[in-house]
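Here's input.txt, which has compact mmCIF, C-alpha atoms and all ligand atoms:
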# COMPACT_ATOMS: atom_id res chain seq x y z
CA MET A 29 34.30 1.67 -2.55
CA LEU A 30 30.84 2.87 -1.53
CA THR A 31 29.40 2.34 1.94
CA VAL A 32 25.75 1.29 1.91
CA LEU A 33 24.09 1.32 5.32
CA PHE A 34 21.28 -1.20 5.74
CA ALA A 35 19.45 0.60 8.53
CA THR A 36 16.99 -2.08 9.65
CA PRO A 37 19.07 -4.72 11.47
CA SER A 38 15.98 -6.90 12.07
CA LEU A 39 15.67 -7.44 8.29
CA TRP A 40 19.39 -7.93 7.67
CA ALA A 41 19.52 -11.73 7.57
CA GLU A 42 16.68 -11.82 5.03
CA PHE A 43 18.05 -9.08 2.77
CA GLN A 44 21.84 -9.40 3.02
CA PRO A 45 22.36 -12.23 0.46
CA HIS A 46 19.95 -10.69 -2.04
CA LEU A 47 21.35 -7.17 -1.75
CA THR A 48 24.92 -8.43 -2.01
CA ALA A 49 24.04 -10.34 -5.19
CA ALA A 50 22.01 -7.46 -6.66
CA LEU A 51 24.82 -4.92 -6.09
CA ALA A 52 27.31 -7.24 -7.79
CA GLU A 53 24.88 -7.81 -10.68
CA ALA A 54 24.47 -4.03 -11.09
CA GLY A 55 28.25 -3.62 -11.15
CA VAL A 56 28.26 -1.58 -7.93
CA SER A 57 31.27 -2.03 -5.69
CA ALA A 58 30.02 -1.44 -2.17
CA ARG A 59 30.56 -2.31 1.46
CA LEU A 60 27.13 -3.35 2.73
CA VAL A 61 26.90 -2.82 6.49
CA THR A 62 24.43 -2.45 9.34
CA GLU A 63 26.72 -0.09 11.26
CA ALA A 64 29.06 2.63 10.05
CA ARG A 65 30.33 6.05 11.02
CA PRO A 66 27.58 8.34 9.67
CA GLU A 67 30.01 10.59 7.77
CA GLU A 68 31.22 7.56 5.77
CA VAL A 69 27.82 6.42 4.49
CA ASP A 70 27.01 6.92 0.78
CA TYR A 71 23.50 5.41 0.62
CA ILE A 72 20.96 4.47 3.29
CA VAL A 73 18.55 1.57 2.83
CA TYR A 74 15.75 2.56 5.18
CA SER A 75 12.41 1.25 6.40
CA PRO A 76 9.86 2.79 8.77
CA ILE A 77 10.93 0.27 11.42
CA SER A 78 14.57 1.44 11.20
CA PRO A 79 15.95 2.75 14.48
CA LEU A 80 17.64 5.45 12.35
CA GLN A 81 15.39 8.50 12.36
CA ASP A 82 17.90 11.39 12.58
CA PHE A 83 19.65 11.84 9.23
CA THR A 84 21.59 14.96 10.28
CA PRO A 85 24.98 13.22 10.78
CA TYR A 86 24.80 11.46 7.38
CA THR A 87 26.47 14.37 5.64
CA ARG A 88 27.79 12.33 2.72
CA ALA A 89 24.67 10.22 2.01
CA LYS A 90 23.43 10.75 -1.54
CA ALA A 91 20.00 9.13 -1.21
CA VAL A 92 17.71 7.31 1.19
CA LEU A 93 16.14 4.23 -0.36
CA ASN A 94 12.93 3.16 1.37
CA LEU A 95 12.06 -0.54 1.47
CA TRP A 96 8.35 0.29 1.73
CA ALA A 97 5.96 1.67 -0.86
CA GLY A 98 4.39 4.02 1.69
CA VAL A 99 6.54 6.94 2.84
CA GLU A 100 4.25 8.76 5.26
CA LYS A 101 6.49 7.96 8.24
CA ILE A 102 9.59 9.56 6.68
CA VAL A 103 8.41 12.11 4.14
CA GLY A 104 7.97 14.85 6.76
CA ASN A 105 11.26 14.12 8.55
CA GLN A 106 12.97 17.52 8.76
CA THR A 107 16.42 15.97 9.20
CA LEU A 108 16.18 14.31 5.79
CA THR A 109 17.64 16.54 3.09
CA GLN A 110 18.70 13.83 0.63
CA PRO A 111 16.54 12.49 -2.23
CA LEU A 112 14.08 9.86 -0.95
CA CYS A 113 13.05 6.93 -3.15
CA ARG A 114 10.07 4.72 -2.36
CA MET A 115 9.76 1.02 -3.20
CA VAL A 116 8.11 -0.15 -6.38
CA ASP A 117 8.90 -3.84 -6.23
CA PRO A 118 7.55 -6.31 -8.80
CA GLY A 119 7.17 -8.91 -6.03
CA LEU A 120 5.25 -6.52 -3.79
CA THR A 121 3.00 -5.54 -6.71
CA GLU A 122 2.29 -9.18 -7.53
CA GLY A 123 1.41 -9.83 -3.89
CA MET A 124 -0.94 -6.86 -3.75
CA VAL A 125 -2.69 -7.90 -6.96
CA GLU A 126 -3.27 -11.38 -5.53
CA TRP A 127 -4.61 -10.00 -2.25
CA VAL A 128 -6.92 -7.49 -3.95
CA VAL A 129 -8.25 -10.00 -6.49
CA GLY A 130 -8.75 -12.62 -3.77
CA HIS A 131 -10.75 -10.33 -1.52
CA CYS A 132 -12.77 -8.91 -4.41
CA LEU A 133 -13.63 -12.44 -5.55
CA ARG A 134 -14.64 -13.44 -2.02
CA HIS A 135 -17.25 -10.70 -1.97
CA HIS A 136 -18.20 -10.97 -5.62
CA LEU A 137 -18.90 -14.71 -5.36
CA GLY A 138 -20.50 -14.41 -1.90
CA MET A 139 -18.19 -17.17 -0.67
CA ASP A 140 -18.97 -16.54 3.00
CA ARG A 141 -22.57 -17.70 2.55
CA HIS A 142 -21.39 -21.25 1.96
CA ILE A 143 -18.17 -21.32 3.94
CA LEU A 144 -19.59 -19.79 7.12
CA ASN A 145 -23.15 -21.17 7.12
CA PRO A 146 -23.37 -24.41 9.08
CA GLY A 147 -26.11 -26.99 8.52
CA HIS A 148 -28.07 -27.72 5.39
CA PHE A 149 -27.66 -24.40 3.59
CA TRP A 150 -29.13 -24.81 0.12
CA ASP A 151 -29.48 -21.34 -1.38
CA GLN A 152 -29.01 -21.73 -5.11
CA THR A 153 -28.79 -18.02 -5.88
CA CYS A 154 -26.01 -17.64 -8.40
CA PRO A 155 -23.74 -14.60 -8.23
CA PRO A 156 -23.73 -12.27 -11.24
CA LEU A 157 -20.80 -12.42 -13.62
CA ALA A 158 -17.81 -10.22 -12.94
CA ARG A 159 -18.81 -8.08 -15.92
CA GLU A 160 -21.91 -7.10 -13.92
CA ARG A 161 -20.01 -6.11 -10.73
CA PRO A 162 -18.45 -2.65 -11.00
CA VAL A 163 -15.24 -2.14 -9.03
CA THR A 164 -13.75 1.25 -8.23
CA ILE A 165 -10.11 1.71 -7.32
CA LEU A 166 -9.05 4.90 -5.56
CA GLY A 167 -5.37 5.41 -6.35
CA MET A 168 -4.15 4.28 -9.75
CA GLY A 169 -0.42 4.20 -9.10
CA ALA A 170 1.88 1.18 -9.20
CA LEU A 171 -0.43 -1.01 -7.11
CA GLY A 172 -3.84 0.37 -8.11
CA SER A 173 -3.17 0.15 -11.84
CA ALA A 174 -1.79 -3.42 -11.57
CA SER A 175 -4.83 -4.47 -9.53
CA ALA A 176 -7.12 -2.78 -12.07
CA ALA A 177 -5.45 -4.65 -14.94
CA ALA A 178 -5.90 -8.01 -13.18
CA LEU A 179 -9.56 -7.33 -12.34
CA ARG A 180 -10.25 -6.11 -15.88
CA GLY A 181 -8.65 -9.31 -17.13
CA MET A 182 -11.45 -11.14 -15.31
CA ASN A 183 -14.05 -8.83 -16.91
CA PHE A 184 -14.82 -6.66 -13.87
CA PRO A 185 -15.69 -3.17 -15.10
CA VAL A 186 -13.08 -1.12 -13.21
CA THR A 187 -13.26 2.63 -12.64
CA GLY A 188 -10.02 4.24 -11.48
CA TRP A 189 -9.60 7.54 -9.68
CA SER A 190 -6.34 9.41 -9.12
CA ARG A 191 -5.04 12.88 -8.27
CA THR A 192 -4.02 13.84 -11.79
CA ALA A 193 -5.84 13.36 -15.08
CA LYS A 194 -4.76 10.29 -17.00
CA PRO A 195 -6.34 8.25 -19.79
CA GLY A 196 -9.26 6.10 -18.67
CA CYS A 197 -9.10 7.41 -15.12
CA LEU A 198 -11.35 9.84 -13.22
CA HIS A 199 -9.98 12.66 -11.07
CA GLY A 200 -11.14 15.61 -9.01
CA GLU A 201 -14.18 15.90 -6.74
CA ASP A 202 -16.72 15.25 -9.50
CA GLY A 203 -14.70 12.25 -10.62
CA LEU A 204 -14.66 10.94 -7.05
CA LYS A 205 -18.42 11.29 -6.77
CA GLN A 206 -18.87 9.37 -10.01
CA ALA A 207 -16.33 6.73 -8.97
CA LEU A 208 -18.00 6.15 -5.60
CA SER A 209 -21.58 6.15 -6.85
CA ASN A 210 -20.71 3.36 -9.27
CA ALA A 211 -18.79 1.08 -6.87
CA ALA A 212 -20.21 -2.30 -5.91
CA ILE A 213 -16.70 -3.00 -4.59
CA LEU A 214 -14.40 -0.14 -3.58
CA VAL A 215 -10.65 -0.75 -3.32
CA THR A 216 -8.54 1.97 -1.70
CA LEU A 217 -4.89 2.10 -2.75
CA LEU A 218 -4.04 5.70 -1.98
CA PRO A 219 -1.02 6.85 0.00
CA LYS A 220 -1.56 8.60 3.33
CA THR A 221 -1.11 12.34 2.79
CA PRO A 222 -2.82 15.41 4.26
CA GLU A 223 -5.16 15.35 1.20
CA THR A 224 -6.16 11.69 1.53
CA GLU A 225 -6.62 11.54 5.30
CA ASN A 226 -10.30 10.82 6.08
CA LEU A 227 -11.08 10.92 2.37
CA LEU A 228 -13.79 8.34 3.04
CA ASN A 229 -15.83 10.37 5.51
CA ALA A 230 -19.57 10.08 6.19
CA ASP A 231 -20.53 12.19 3.13
CA ARG A 232 -18.36 10.18 0.75
CA LEU A 233 -19.45 6.83 2.21
CA ALA A 234 -23.04 7.95 1.62
CA MET A 235 -22.21 8.27 -2.10
CA LEU A 236 -21.60 4.51 -2.35
CA PRO A 237 -24.49 2.33 -3.53
CA LYS A 238 -26.25 0.54 -0.66
CA GLY A 239 -24.48 -2.70 0.22
CA ALA A 240 -21.15 -1.72 -1.35
CA VAL A 241 -18.09 -3.54 -0.06
CA ILE A 242 -14.89 -1.73 0.90
CA VAL A 243 -11.49 -3.38 0.56
CA ASN A 244 -8.72 -1.23 2.08
CA PRO A 245 -5.09 -2.28 1.71
CA GLY A 246 -3.96 1.38 1.39
CA ARG A 247 -3.72 3.06 4.79
CA GLY A 248 -6.06 3.15 7.79
CA ALA A 249 -6.18 6.94 7.86
CA LEU A 250 -7.93 7.05 4.46
CA ILE A 251 -11.17 6.11 6.25
CA ASP A 252 -13.00 7.91 9.04
CA ASP A 253 -13.44 4.89 11.34
CA ASP A 254 -16.52 6.19 13.18
CA ALA A 255 -18.21 7.04 9.89
CA LEU A 256 -17.43 3.58 8.52
CA LEU A 257 -18.76 1.85 11.63
CA ALA A 258 -21.96 3.92 11.42
CA ALA A 259 -22.35 3.06 7.72
CA LEU A 260 -21.80 -0.64 8.48
CA ASP A 261 -24.27 -0.56 11.40
CA ALA A 262 -26.86 1.08 9.15
CA GLY A 263 -26.28 -1.58 6.47
CA HIS A 264 -25.29 1.06 3.95
CA VAL A 265 -21.84 -0.47 3.62
CA GLY A 266 -22.21 -4.24 3.24
CA HIS A 267 -18.76 -5.29 4.39
CA ALA A 268 -15.30 -3.84 4.98
CA THR A 269 -12.12 -5.85 4.56
CA LEU A 270 -9.39 -3.84 6.23
CA ASP A 271 -5.67 -4.59 6.14
CA VAL A 272 -4.36 -1.29 7.53
CA PHE A 273 -5.27 0.80 10.57
CA ARG A 274 -4.49 4.10 12.23
CA VAL A 275 -2.93 2.18 15.11
CA GLU A 276 -1.17 -1.11 14.36
CA PRO A 277 -1.50 -3.72 15.68
CA LEU A 278 -5.21 -2.89 15.82
CA PRO A 279 -6.01 -2.42 19.55
CA LYS A 280 -7.67 -5.47 21.11
CA ASP A 281 -10.81 -3.55 22.09
CA HIS A 282 -11.39 -1.98 18.66
CA ARG A 283 -14.90 -2.58 17.32
CA TYR A 284 -13.50 -3.73 13.99
CA TRP A 285 -12.40 -7.00 15.62
CA THR A 286 -15.92 -8.05 16.52
CA HIS A 287 -18.07 -6.32 13.92
CA PRO A 288 -19.93 -9.02 11.95
CA ARG A 289 -19.39 -7.19 8.68
CA VAL A 290 -15.70 -6.40 9.09
CA THR A 291 -12.75 -8.59 8.16
CA VAL A 292 -9.44 -7.62 9.71
CA THR A 293 -6.17 -8.74 8.16
CA PRO A 294 -2.93 -7.73 9.94
CA HIS A 295 -1.19 -5.52 7.34
CA ILE A 296 -0.25 -8.49 5.18
CA ALA A 297 -1.72 -7.45 1.83
CA ALA A 298 1.71 -7.18 0.23
CA ASP A 299 5.25 -7.47 1.48
CA THR A 300 8.46 -6.13 -0.02
CA ARG A 301 10.21 -9.22 -1.39
CA PRO A 302 13.98 -9.30 -0.69
CA SER A 303 14.98 -10.76 -4.07
CA SER A 304 13.09 -8.42 -6.39
CA SER A 305 13.34 -5.30 -4.19
CA SER A 306 17.12 -5.70 -3.80
CA ARG A 307 17.46 -5.28 -7.57
CA VAL A 308 15.51 -2.01 -7.33
CA ILE A 309 17.80 -0.75 -4.55
CA ALA A 310 20.94 -1.77 -6.45
CA GLU A 311 19.69 -0.15 -9.65
CA ASN A 312 19.07 3.11 -7.80
CA ILE A 313 22.59 3.08 -6.35
CA ARG A 314 23.97 2.39 -9.82
CA ARG A 315 21.95 5.31 -11.15
CA GLY A 316 23.11 7.59 -8.35
CA GLU A 317 26.74 6.81 -9.19
CA ALA A 318 26.17 7.21 -12.93
CA GLY A 319 24.44 10.58 -12.45
CA GLU A 320 21.18 9.17 -13.84
CA PRO A 321 17.76 10.06 -12.38
CA TYR A 322 16.63 7.85 -9.51
CA LEU A 323 13.67 5.52 -9.93
CA HIS A 324 10.56 6.16 -7.82
CA LEU A 325 11.71 9.46 -6.39
CA VAL A 326 9.29 10.83 -3.79
CA ASP A 327 7.92 14.31 -4.33
CA ARG A 328 8.32 15.70 -0.81
CA THR A 329 5.77 18.49 -1.32
CA ARG A 330 3.14 16.11 -2.73
CA GLY A 331 3.85 13.60 0.07
CA TYR A 332 4.19 10.44 -2.04
P1 LIG B 401 1.77 5.23 -6.03
O1 LIG B 401 2.46 6.44 -5.52
O2 LIG B 401 2.34 4.50 -7.19
O3 LIG B 401 0.27 5.59 -6.37
C1 LIG B 401 -0.51 6.41 -5.58
C2 LIG B 401 -1.78 6.73 -6.32
O4 LIG B 401 -2.61 7.52 -5.46
C3 LIG B 401 -1.55 7.56 -7.59
O5 LIG B 401 -2.43 7.14 -8.60
C4 LIG B 401 -1.90 8.98 -7.14
O6 LIG B 401 -2.39 9.82 -8.16
C5 LIG B 401 -3.01 8.68 -6.17
N1 LIG B 401 -3.20 9.81 -5.25
C6 LIG B 401 -2.32 10.33 -4.37
N2 LIG B 401 -2.86 11.39 -3.72
C7 LIG B 401 -4.12 11.52 -4.20
C8 LIG B 401 -5.17 12.42 -3.96
N3 LIG B 401 -5.04 13.42 -3.07
N4 LIG B 401 -6.30 12.29 -4.65
C9 LIG B 401 -6.44 11.30 -5.58
N5 LIG B 401 -5.47 10.40 -5.87
C10 LIG B 401 -4.33 10.51 -5.19
O7 LIG B 401 1.64 4.24 -4.76
P2 LIG B 401 1.52 2.66 -4.77
O8 LIG B 401 0.46 2.27 -5.72
O9 LIG B 401 2.85 2.04 -4.90
O10 LIG B 401 1.06 2.41 -3.26
C11 LIG B 401 -0.15 2.95 -2.77
C12 LIG B 401 -0.22 2.76 -1.26
O11 LIG B 401 -0.47 1.40 -0.94
C13 LIG B 401 1.06 3.05 -0.48
O12 LIG B 401 1.24 4.43 -0.32
C14 LIG B 401 0.79 2.35 0.82
O13 LIG B 401 0.09 3.21 1.68
C15 LIG B 401 -0.11 1.19 0.41
N6 LIG B 401 0.56 -0.11 0.54
C16 LIG B 401 0.03 -1.03 1.40
C17 LIG B 401 0.61 -2.26 1.53
C18 LIG B 401 0.00 -3.28 2.41
O14 LIG B 401 0.59 -4.35 2.62
N7 LIG B 401 -1.17 -3.04 2.95
C19 LIG B 401 1.80 -2.64 0.78
C20 LIG B 401 2.28 -1.59 -0.09
C21 LIG B 401 1.67 -0.38 -0.20
P3 LIG B 401 -1.47 10.22 -9.42
O15 LIG B 401 -1.38 8.96 -10.25
O16 LIG B 401 -2.24 11.27 -10.10
O17 LIG B 401 -0.15 10.64 -8.87
C1 LIG B 402 4.31 -0.57 2.32
C2 LIG B 402 3.55 -1.44 3.21
O1 LIG B 402 4.05 0.63 2.28
O2 LIG B 402 3.93 -2.63 3.37
O3 LIG B 402 5.20 -1.08 1.60
O4 LIG B 402 2.54 -1.02 3.77
Can you dump the structure from the file as structure tokens?
Amino acid sequence: MLTVLFATPSLWAEFQPHLTAALAEAGVSARLVTEARPEEVDYIVYSPISPLQDFTPYTRAKAVLNLWAGVEKIVGNQTLTQPLCRMVDPGLTEGMVEWVVGHCLRHHLGMDRHILNPGHFWDQTCPPLARERPVTILGMGALGSASAAALRGMNFPVTGWSRTAKPGCLHGEDGLKQALSNAAILVTLLPKTPETENLLNADRLAMLPKGAVIVNPGRGALIDDDALLAALDAGHVGHATLDVFRVEPLPKDHRYWTHPRVTVTPHIAADTRPSSSSRVIAENIRRGEAGEPYLHLVDRTRGY
């Protein structure tokens, strides 16, 4: 029987029934535990909030299965020699699509004008149709491409940008310039890697059309904070809706909290859902045992 170590005790109560059921459904016979002798562990279900950070004693572990989509907190861990899989969870994807669409629609429809204006506000200016509001998505992976599909379904013209060339998607520096210069709303769904850190610096923010809105559920480090605040102060960027930050929780004295054109949400864009993600974990353990390739394997050199 396999030993599967669930390495985040604070999430155990939520995940245990779903993982137990998913392992049984996948035909995997396993002892699911929160504590075990390291040399007896076959698979590790990990999250960035796991106390486990030294993988050296886990000599028998065949893979580390991350509960999060983002892997920046583990990908550089020198003690990790096993394959690392990230989370692509249908529930998480659905949640992200809803969050992205919701925040895009807020800005597209100018909802704040009516919700936040007290008194007898009677401005009858109608917003344009979605088909007239270009959206750019940086990062066209699991979450970016699902968000793009949903926005396209509502007629938003969506431009995608990713690292590699793919059909209907821009790439490279010229592609980025084109993607930014066309963005009334910019959604950032890139992973944090050495290449993406501070991608949105002052020069790149200047490429956006005046008044563009930024919606960032990706990672805080994608944006140079000082450059963004300067662009907001100058009115070049119309609004920034930010879900992720370099330091979380966002420090109480950070200017983002009080800036009139910034909306802060506390890293709640999308959560890994225990029921659907447990099936992904169980399927990967089944694959590991059957000698089949793992799903969502992280490329350690690429960083995501
Ligand atoms: P994927 O790995 O599926 O997609 C990443 C995308 O980014 C790919 O399209 C990839 O390009 C592109 N990319 C990576 N590096 C570069 C680069 N240097 N230049 C251009 N494009 C690049 O990730 P997901 O879609 O699953 O998740 C994206 C991120 O969303 C996560 O890493 C995490 O940071 C964040 N996230 C935030 C959550 C929240 O609640 N706020 C919840 C879940 C995730 P290519 O296709 O060519 O490989
Ligand atoms: C993730 C996240 O990476 O929630 O899954 O940010």
Nearest-residue call for Ile242 of chain A, choices A:Ile165, A:Lys280, A:Gly98, A:His287, using all atoms listed in the file: A:Ile165
Identify, counting only C-alpha atoms and all ligand atoms, the protein, DNA and RNA residues located within 6 Å of ligand LIG 402 (chain B), and give them as an MDAnalysis selection string. chainID A and resid 96:98 298:299
Could you give me, as a PyMOL selection string, every polymer residue with an atom at most 7 Å away from an atom of ligand LIG 401 (chain B), counting all atoms listed in the file? chain A and resi 96-99+116+120+124+166-172+189-193+199+217-221+223-224+245-247+271-272+295-299+332
Length of the atom CA of Arg328 of chain A to atom CA of Glu68 of chain A vector [Å]: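 Separating atom CA of Arg328 of chain A from atom CA of Glu68 of chain A is a distance of 25.2 Å.
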Fewer than 5 positions away in the same chain doesn't count, so skip those; otherwise give me all residues within 12 Å of segment 139-144 of chain A, counting all atoms listed in the file, as a count of residues only. 16
If I take atom CA of Pro111 of chain A and atom CA of Val326 of chain A, how far is one from the other in Å, to one decimal?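 Result for atom CA of Pro111 of chain A versus atom CA of Val326 of chain A: 7.6 Å, one decimal.
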Atom CA of Trp127 of chain A to atom CA of Pro237 of chain A, straight-line distance in Å: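 Atom-to-atom, atom CA of Pro237 of chain A and atom CA of Trp127 of chain A are spaced 23.4 Å apart.
Distances from A:Asp117, A:Glu42, A:Glu67, A:Asp231 to Ile309 of chain A were compared using all atoms listed in the file, and the smallest one belongs to A:Asp117.
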May I have the protein, DNA and RNA residues with any atom at most 7 Å from the point (-17.1, -3.6, -3.5), counting only C-alpha atoms, written as a count of residues only? 10
Residues at most 10 Å from Ala259 of chain A, counting all atoms listed in the file, excluding those fewer than 6 positions away in the same chain, as a PDB file with C-alpha atoms, keeping the file's coordinate frame?
ATOM      1  CA  ALA A 230     -19.570  10.080   6.190  1.00  0.00           C
ATOM      2  CA  LEU A 233     -19.450   6.830   2.210  1.00  0.00           C
ATOM      3  CA  ALA A 234     -23.040   7.950   1.620  1.00  0.00           C
ATOM      4  CA  LYS A 238     -26.250   0.540  -0.660  1.00  0.00           C
ATOM      5  CA  GLY A 239     -24.480  -2.700   0.220  1.00  0.00           C
ATOM      6  CA  ASP A 253     -13.440   4.890  11.340  1.00  0.00           C
ATOM      7  CA  VAL A 265     -21.840  -0.470   3.620  1.00  0.00           C
ATOM      8  CA  GLY A 266     -22.210  -4.240   3.240  1.00  0.00           C
ATOM      9  CA  HIS A 267     -18.760  -5.290   4.390  1.00  0.00           C
TER      10      HIS A 267
END
Spatial neighbours of Asp70 of chain A, 9 Å, all atoms listed in the file, chain gap at least 4 places, as number ranges by chain: A: 30-33, 86-91
Pick out the residues sitting within 6 Å of segment 301-305 of chain A, and hand them over as a list in words; count all atoms listed in the file, and ignore anything fewer than 5 positions along from it in its own chain.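 The contact residues come out as Phe43, His46, Asp117 and Gly119 of chain A.
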